[in-house]
Amino acid sequence: MSSLRCLRELSRRTTTALSINQARSISSLQGLEPRGTSITHGTRIPKRSLARDLSWYSLCYRSQNRLVSSKADDTGESSEGEDDEYEDSAEMEVEREYSPAEKVEAAAEIGYKVMGPLKPEERLFKPYEPVFAVVQIGSHQFKVSNGDSIFTEKLKFCDINDKLTLTKVLLLGSASQTIIGRPILPDAIVHAVVEEHALDEKVLIFKKKRRKNYRRTTGHRQELTKLRITDIQGIEKPEPEIVRKPSKSADTAQPEAELVG
């Protein structure tokens with residue numbers, strides 16, 4: 001940025017110096033020429049044509065300066081004004097407000113629907129059930145059961161403790177049956193709760209061009225959302241078998257001896 005400022009200051013000074021020199025040359029020509037005419041290269045040209053030529057020359061010089069300055073900006077770093085415009089556009093993207101309908105459509109494209117915040121009196125978490133589902137969220141697929149926790153790419157329009165329904169269910173399975181979607185099961189729903197928004201571990205990105213003195217090292221931490229699966233619906237769930245243990249009194253009781261006569 002400092003080099004660009006120096007170039008701008010130099011261009012301004014050169015333009016002012018050239019304008020002063022042009023004014024001096026015009027005044028000298030006006031003192032030498034006779035009335036009504038001006039002498040250039042041994043020919044007589046009216047004053048009006050001389051003024052037009054000088055004005056055209058000044059315009060050409062200014063346009064050349066503008067071209068040179070634009071080339072310098074292209075080869076070097078961007079100017080302050082361009083940086084401001086870029087920052088403004090980024091801020092506009094960040095501060096964009098979505099309507100409720102747009103939020104629902106964007107969430108449906110990813111594969112979820114926000115149902116509202118989790119209330120303290122609600123008890124969604126159930127004991128483990130022998131049922132699993134294959135769910136698609138964005139461009140990733142997960143095999144989940146109730147009680148599992150998964151990390152996905154950051155989901156928009158949802159906060160911590162929000163209830164979600166994952167609508168893109170590709171497969172359901174249990175001990176007794178398996179249902180495969182074509183490609184999605186319309187009647188299957190997987191319920192989940194947002195537990196936190198976190199950052200993944202840092203990944204280092206190193207770029208190098210040999211014999212060019214070019215090396216760049218950058219880092220990236222992916223934004224993630226942690227989901228807790230609470231329930232899977234759309235398939236018959238087998239009833240858990242209750243195994244009753246024999247009582248201790250029955251184990252300790254000994255059979256009575258029979259008399260043989």
# chains A, B, ... in the order shown; residues from 1 in each chain; ligands from 1
>>> select_by_dssp(residues="stretch 85-212 of chain A", states="strand (DSSP E or B)", output="short mmCIF file (atom, residue, chain, number, x, y, z; two decimals) with N, CA and C atoms, in the first residue's frame")
data_model
loop_
_atom_site.label_atom_id
_atom_site.label_comp_id
_atom_site.auth_asym_id
_atom_site.auth_seq_id
_atom_site.Cartn_x
_atom_site.Cartn_y
_atom_site.Cartn_z
N TYR A 112 -32.80 -30.93 6.62
CA TYR A 112 -33.31 -30.86 7.98
C TYR A 112 -34.39 -29.79 8.06
N LYS A 113 -35.10 -29.80 9.18
CA LYS A 113 -36.16 -28.83 9.44
C LYS A 113 -36.12 -28.47 10.91
N VAL A 114 -36.14 -27.18 11.22
CA VAL A 114 -36.07 -26.71 12.60
C VAL A 114 -37.48 -26.72 13.18
N MET A 115 -37.63 -27.40 14.33
CA MET A 115 -38.94 -27.53 14.96
C MET A 115 -39.13 -26.58 16.14
N GLY A 116 -38.07 -25.90 16.58
CA GLY A 116 -38.19 -24.99 17.71
C GLY A 116 -37.25 -25.39 18.83
N PRO A 117 -37.14 -24.54 19.85
CA PRO A 117 -36.22 -24.84 20.97
C PRO A 117 -36.75 -25.98 21.84
N VAL A 131 -32.63 -50.23 16.28
CA VAL A 131 -33.04 -49.70 14.97
C VAL A 131 -31.98 -48.72 14.52
N PHE A 132 -31.64 -48.74 13.22
CA PHE A 132 -30.66 -47.78 12.69
C PHE A 132 -31.22 -47.15 11.43
N ALA A 133 -30.62 -46.02 11.05
CA ALA A 133 -31.03 -45.29 9.85
C ALA A 133 -29.79 -44.71 9.18
N VAL A 134 -29.87 -44.57 7.86
CA VAL A 134 -28.82 -43.89 7.09
C VAL A 134 -29.40 -42.55 6.64
N VAL A 135 -28.77 -41.47 7.11
CA VAL A 135 -29.29 -40.11 6.90
C VAL A 135 -28.30 -39.34 6.06
N GLN A 136 -28.83 -38.49 5.17
CA GLN A 136 -28.01 -37.59 4.37
C GLN A 136 -28.21 -36.16 4.85
N ILE A 137 -27.08 -35.50 5.19
CA ILE A 137 -27.10 -34.10 5.61
C ILE A 137 -26.10 -33.37 4.72
N HIS A 140 -23.04 -35.39 2.94
CA HIS A 140 -22.48 -36.48 3.75
C HIS A 140 -23.61 -37.40 4.22
N GLN A 141 -23.26 -38.67 4.41
CA GLN A 141 -24.21 -39.67 4.90
C GLN A 141 -23.70 -40.24 6.22
N PHE A 142 -24.66 -40.52 7.12
CA PHE A 142 -24.34 -41.01 8.46
C PHE A 142 -25.26 -42.18 8.79
N LYS A 143 -24.68 -43.21 9.42
CA LYS A 143 -25.48 -44.30 9.97
C LYS A 143 -25.66 -44.02 11.45
N VAL A 144 -26.92 -43.89 11.89
CA VAL A 144 -27.20 -43.43 13.26
C VAL A 144 -28.24 -44.33 13.91
N SER A 149 -24.28 -39.48 18.69
CA SER A 149 -23.92 -38.07 18.43
C SER A 149 -23.05 -38.03 17.18
N ILE A 150 -23.33 -37.07 16.30
CA ILE A 150 -22.60 -36.93 15.05
C ILE A 150 -22.19 -35.47 14.88
N PHE A 151 -21.11 -35.26 14.12
CA PHE A 151 -20.63 -33.92 13.79
C PHE A 151 -20.85 -33.70 12.30
N THR A 152 -21.59 -32.66 11.97
CA THR A 152 -21.83 -32.29 10.58
C THR A 152 -21.24 -30.91 10.31
N GLU A 153 -21.24 -30.52 9.03
CA GLU A 153 -20.87 -29.14 8.72
C GLU A 153 -21.89 -28.19 9.34
N ASP A 162 -31.95 -26.59 19.88
CA ASP A 162 -33.06 -26.59 18.93
C ASP A 162 -33.36 -28.03 18.49
N LYS A 163 -34.64 -28.32 18.32
CA LYS A 163 -35.07 -29.63 17.84
C LYS A 163 -35.08 -29.62 16.32
N LEU A 164 -34.52 -30.67 15.71
CA LEU A 164 -34.47 -30.81 14.26
C LEU A 164 -35.11 -32.13 13.85
N THR A 165 -35.64 -32.16 12.64
CA THR A 165 -36.07 -33.40 12.02
C THR A 165 -35.27 -33.57 10.74
N LEU A 166 -34.55 -34.67 10.63
CA LEU A 166 -33.74 -34.97 9.45
C LEU A 166 -34.64 -35.69 8.45
N VAL A 169 -33.87 -39.41 4.70
CA VAL A 169 -33.55 -40.73 5.23
C VAL A 169 -33.45 -41.69 4.06
N LEU A 170 -32.30 -42.32 3.87
CA LEU A 170 -32.06 -43.19 2.73
C LEU A 170 -32.36 -44.65 3.03
N LEU A 171 -32.24 -45.06 4.29
CA LEU A 171 -32.41 -46.48 4.61
C LEU A 171 -32.79 -46.61 6.07
N LEU A 172 -33.64 -47.59 6.36
CA LEU A 172 -34.01 -47.94 7.73
C LEU A 172 -33.80 -49.44 7.91
N GLY A 173 -33.34 -49.83 9.08
CA GLY A 173 -33.09 -51.24 9.32
C GLY A 173 -33.30 -51.60 10.78
N SER A 174 -33.77 -52.84 10.97
CA SER A 174 -33.93 -53.40 12.31
C SER A 174 -33.63 -54.89 12.22
N THR A 178 -35.81 -54.48 6.68
CA THR A 178 -34.96 -53.43 6.11
C THR A 178 -35.74 -52.70 5.04
N ILE A 179 -35.77 -51.37 5.09
CA ILE A 179 -36.49 -50.54 4.11
C ILE A 179 -35.47 -49.66 3.41
N ILE A 180 -35.47 -49.73 2.08
CA ILE A 180 -34.53 -48.97 1.26
C ILE A 180 -35.31 -47.92 0.48
N ILE A 189 -38.61 -40.42 9.47
CA ILE A 189 -38.13 -39.18 10.10
C ILE A 189 -37.16 -39.55 11.21
N VAL A 190 -36.09 -38.79 11.29
CA VAL A 190 -35.10 -38.95 12.36
C VAL A 190 -35.07 -37.65 13.15
N HIS A 191 -35.30 -37.74 14.45
CA HIS A 191 -35.31 -36.57 15.32
C HIS A 191 -33.93 -36.39 15.95
N ALA A 192 -33.53 -35.12 16.07
CA ALA A 192 -32.22 -34.81 16.65
C ALA A 192 -32.31 -33.49 17.41
N VAL A 193 -31.28 -33.24 18.22
CA VAL A 193 -31.18 -32.00 19.01
C VAL A 193 -29.78 -31.43 18.80
N VAL A 194 -29.71 -30.11 18.61
CA VAL A 194 -28.41 -29.44 18.44
C VAL A 194 -27.77 -29.27 19.81
N GLU A 195 -26.58 -29.82 19.97
CA GLU A 195 -25.89 -29.74 21.26
C GLU A 195 -24.87 -28.60 21.30
N GLU A 196 -24.13 -28.37 20.20
CA GLU A 196 -23.15 -27.28 20.20
C GLU A 196 -22.69 -27.00 18.79
N HIS A 197 -22.15 -25.79 18.62
CA HIS A 197 -21.44 -25.40 17.40
C HIS A 197 -19.96 -25.31 17.76
N ALA A 198 -19.13 -26.05 17.04
CA ALA A 198 -17.71 -26.15 17.40
C ALA A 198 -16.85 -25.97 16.16
N LEU A 199 -15.53 -26.02 16.38
CA LEU A 199 -14.54 -25.93 15.31
C LEU A 199 -13.72 -27.22 15.29
N VAL A 203 -6.20 -27.63 10.05
CA VAL A 203 -5.55 -28.33 8.93
C VAL A 203 -4.60 -27.34 8.27
N LEU A 204 -3.32 -27.72 8.15
CA LEU A 204 -2.32 -26.86 7.53
C LEU A 204 -2.30 -27.12 6.02
N ILE A 205 -2.27 -26.03 5.25
CA ILE A 205 -2.24 -26.10 3.80
C ILE A 205 -0.95 -25.43 3.34
N PHE A 206 -0.06 -26.20 2.71
CA PHE A 206 1.24 -25.69 2.27
C PHE A 206 1.32 -25.77 0.75
N LYS A 207 1.65 -24.65 0.12
CA LYS A 207 1.80 -24.59 -1.33
C LYS A 207 3.22 -24.14 -1.66
N LYS A 208 3.78 -24.77 -2.69
CA LYS A 208 5.15 -24.45 -3.08
C LYS A 208 5.29 -24.61 -4.59
N LYS A 209 6.04 -23.67 -5.19
CA LYS A 209 6.42 -23.76 -6.59
C LYS A 209 7.94 -23.74 -6.64
#
>>> residues_around(residues="A:Phe125", least_positions_apart="6", cutoff="9 Å", atoms="only C-alpha atoms", output="PyMOL selection string")
chain A and resi 146-147+229-231
>>> closest_residue(among="A:Asp148, A:Leu227, A:Arg215, A:Ala107", to="A:Pro127", atoms="only C-alpha atoms")
A:Asp148
>>> residues_around(residues="A:Leu155", least_positions_apart="3", cutoff="8 Å", atoms="only C-alpha atoms", output="list in words")
Thr152, Cys158, Leu224 and Thr225 of chain A
>>> write_last_selection(atoms="N, CA, C and O atoms", output="PDB file, in the first residue's frame")
ATOM      1  N   THR A 152     -21.585 -32.655  11.971  1.00  0.00           N
ATOM      2  CA  THR A 152     -21.830 -32.289  10.576  1.00  0.00           C
ATOM      3  C   THR A 152     -21.238 -30.907  10.314  1.00  0.00           C
ATOM      4  O   THR A 152     -20.810 -30.208  11.239  1.00  0.00           O
ATOM      5  N   CYS A 158     -30.141 -22.449  12.987  1.00  0.00           N
ATOM      6  CA  CYS A 158     -30.470 -23.237  14.179  1.00  0.00           C
ATOM      7  C   CYS A 158     -29.482 -22.881  15.280  1.00  0.00           C
ATOM      8  O   CYS A 158     -28.307 -22.620  15.023  1.00  0.00           O
ATOM      9  N   LEU A 224     -18.314 -26.839  12.652  1.00  0.00           N
ATOM     10  CA  LEU A 224     -19.100 -28.062  12.788  1.00  0.00           C
ATOM     11  C   LEU A 224     -20.293 -27.824  13.707  1.00  0.00           C
ATOM     12  O   LEU A 224     -20.304 -26.886  14.506  1.00  0.00           O
ATOM     13  N   THR A 225     -21.284 -28.698  13.586  1.00  0.00           N
ATOM     14  CA  THR A 225     -22.454 -28.717  14.461  1.00  0.00           C
ATOM     15  C   THR A 225     -22.601 -30.125  15.010  1.00  0.00           C
ATOM     16  O   THR A 225     -22.590 -31.098  14.244  1.00  0.00           O
TER      17      THR A 225
END
>>> atom_distance(atom1="atom CA of A:Ser139", atom2="atom CA of A:Gly111")
9.6 Å
>>> closest_residue(among="A:Glu129, A:Thr217, A:Ala175, A:Asp159", to="A:Gln233", atoms="only C-alpha atoms")
A:Glu129
